[in-house]
Amino acid sequence: MSYDYYLPDTAITSMAVDGKAVYAYVQIMSGALVECEGSLDGNPELYIFEQHNHVMARFRDKKPLDDAPKLFTPLAAAYLGDARYLFYVDDNNYLRDRYISPQARNKWVAGRLFSDRGIKVAQYSKLAAITVPNRWGTSICVYYQILGEDAAIESVNFKEGQSRREVDTRRVTDPPPYGTSLTAVLARDGIQLNKAVPFDPNSSLPVVYLQWHSLELAHAQGKGTVRRMEDLKLRFAPHTSLSVVDDISGLQYFYTSSDDNYVRRVIIKNNGQMEFDTLATPTPRSALAAVRVKPGKVVLFYQALEKETSEKVLLFGLTLSHSGGAWDGKPGRPAPPAKELR
């Protein structure tokens with residue numbers, strides 16, 4: 001298989017900017033990290049892939065770079081001001097970042113968020129990142145899993161204009177599975193962690209979602225105890241792929257079903273009603289990455305086999321639109337292999 005193809009079972013992460021531009025990030029067979037740039041276009045608006053952008057290589061002169069992403073690195077992305085950040089893990093399991101901005105001449109360069117103090121994550125850790133606007137200025141919150149018997153989830157915040165780790169690292173210490181999926185949304189009225197454990201909707205701390213040791217979905221905020229989502233009454237396959245977005249009218253949970261390998265979605269509306277639907281058939285261990293582009297428009301990224309030959313694993317972007325009181329989904333053109341990006 002060509003080194004230009006996407007790495008099967010690569011991590012996938014995504015972000016949207018200005019209600020139109022959509023970015024997905026993956027690793028290709030050579031180990032390089034690639035940005036898949038696209039946008040919403042047409043009538044009705046659908047996600048359209050436009051081009052690949054090289055983020056970083058893994059090798060130089062056949063040797064791994066000092067800050068090279070390890071193969072099958074977890075990925076997380078978020079924006080801060082006019083800069084886009086991509087977080088990954090190197091061969092020694094240290095958290096790394098790269099960013100692109102006008103100040104960096106619109107080229108991807110090595111970040112300095114972790115240069116003063118290394119953050120080592122568990123070798124099985126996944127990542128999640130989210131942009132958090134608040135009255136003290138915009139920040140990025142990054143979640144990761146650390147080594148230890150309790151399989152703790154830790155978070156670190158970075159404020160705009162700062163390039164060092166803050167002191168307010170928080171841990172979520174109930175025992176999730178080693179290597180659980182991680183995803184996060186901003187806090188707001190209408191999101192309820194647990195009937196018995198309310199949370200602060202005015203807090204700048206996001207709500208993080210993960211898999212519980214009983215294989216149910218769980219969530220937490222800040223230093224709060226992890227609580228399973230009692231009303232959902234769903235159990236997932238171990239290490240299920242998981243992604244959550246908030247469309248204000250309700251939370252949308254995307255996961256891979258344990259019995260038939262479909263991508264399924266459950267929407268929990270603000271009135272407590274739930275809707276379930278089936279969206280796609282990914283490769284068996286595909287990651288999921290959903291992003292809300294603007295109200296009523298969500299794009300879900302996943303890997304699936306090319307239909308014509310079943311020889312290539314491609315990246316698909318499914319556009320989910322809300323109209324007439326219901327959601328529908330339409331797949332866009334899959335992103336082609338990342339030619340010459342090694």
# chains A, B, ... in the order shown; residues from 1 in each chain; ligands from 1
>>> residues_around(residues="stretch 82-95 of chain A", least_positions_apart="5", cutoff="8 Å", atoms="only C-alpha atoms", output="ChimeraX atom specification")
/A:67-70,73-77,100-102,114,118-123,127
>>> residues_around(residues="A:Leu33", least_positions_apart="5", cutoff="6 Å", atoms="only C-alpha atoms", output="ChimeraX atom specification")
/A:26-27,55-56
>>> residues_around(residues="A:Val263", least_positions_apart="3", cutoff="12 Å", atoms="only C-alpha atoms", output="PyMOL selection string")
chain A and resi 236+240-243+253-260+266+276-290+300-304+318
>>> select_by_dssp(residues="stretch 166-299 of chain A", states="strand (DSSP E or B)", output="VMD selection string")
chain A and resid 170 to 172 182 to 185 194 197 207 to 211 216 to 221 227 to 228 235 242 to 246 250 to 256 263 to 269 274 to 280 289 to 294 297 to 299
>>> atom_distance(atom1="atom CA of A:Ser204", atom2="atom CA of A:Ala220")
13.4 Å
>>> atom_distance(atom1="atom CA of A:Arg58", atom2="atom CA of A:His239")
26.4 Å
>>> residues_around(residues="A:Glu35", least_positions_apart="6", cutoff="7 Å", atoms="only C-alpha atoms", output="ChimeraX atom specification")
/A:23-26,52-55
>>> write_last_selection(atoms="C-alpha atoms", output="mmCIF file, in the first residue's frame")
data_model
loop_
_atom_site.group_PDB
_atom_site.id
_atom_site.type_symbol
_atom_site.label_atom_id
_atom_site.label_comp_id
_atom_site.auth_asym_id
_atom_site.auth_seq_id
_atom_site.Cartn_x
_atom_site.Cartn_y
_atom_site.Cartn_z
ATOM 1 C CA TYR A 23 -10.547 21.055 9.199
ATOM 2 C CA ALA A 24 -9.888 17.379 9.919
ATOM 3 C CA TYR A 25 -6.532 15.965 11.054
ATOM 4 C CA VAL A 26 -5.204 12.448 10.462
ATOM 5 C CA HIS A 52 -4.439 18.525 2.009
ATOM 6 C CA ASN A 53 -1.994 20.612 4.033
ATOM 7 C CA HIS A 54 1.240 19.168 5.391
ATOM 8 C CA VAL A 55 1.503 19.553 9.188
#
>>> atom_distance(atom1="atom CA of A:Ile12", atom2="atom CA of A:Arg235")
22.8 Å
>>> closest_residue(among="A:Tyr209, A:Gly111, A:Gly296, A:Asp150", to="A:Arg98", atoms="only C-alpha atoms")
A:Gly111
>>> closest_residue(among="A:Leu65, A:Leu80, A:Ile146, A:Val156", to="A:Tyr178", atoms="only C-alpha atoms")
A:Ile146
>>> closest_residue(among="A:Gln51, A:Gln103, A:Ser30, A:Ser125", to="A:Ser181", atoms="only C-alpha atoms")
A:Ser125
>>> closest_residue(among="A:Thr225, A:Asp247, A:Lys307, A:Ala11", to="A:Lys294", atoms="only C-alpha atoms")
A:Asp247
>>> residues_around(residues="A:Pro206", least_positions_apart="5", cutoff="7 Å", atoms="only C-alpha atoms", output="list in words")
Ala184, Val185, Leu186, Ala187 and Gln221 of chain A
>>> write_last_selection(atoms="N, CA and C atoms", output="compact mmCIF listing (two decimals), in the first residue's frame")
# COMPACT_ATOMS: atom_id res chain seq x y z
N ALA A 184 -15.11 16.62 24.64
CA ALA A 184 -15.55 17.65 25.58
C ALA A 184 -16.41 18.69 24.87
N VAL A 185 -17.31 19.33 25.65
CA VAL A 185 -18.11 20.45 25.17
C VAL A 185 -18.09 21.54 26.23
N LEU A 186 -18.47 22.75 25.85
CA LEU A 186 -18.55 23.85 26.80
C LEU A 186 -19.75 23.68 27.71
N ALA A 187 -19.62 24.17 28.94
CA ALA A 187 -20.74 24.12 29.89
C ALA A 187 -21.79 25.17 29.51
N GLN A 221 -16.85 17.50 35.34
CA GLN A 221 -16.44 18.89 35.15
C GLN A 221 -15.40 19.24 36.20
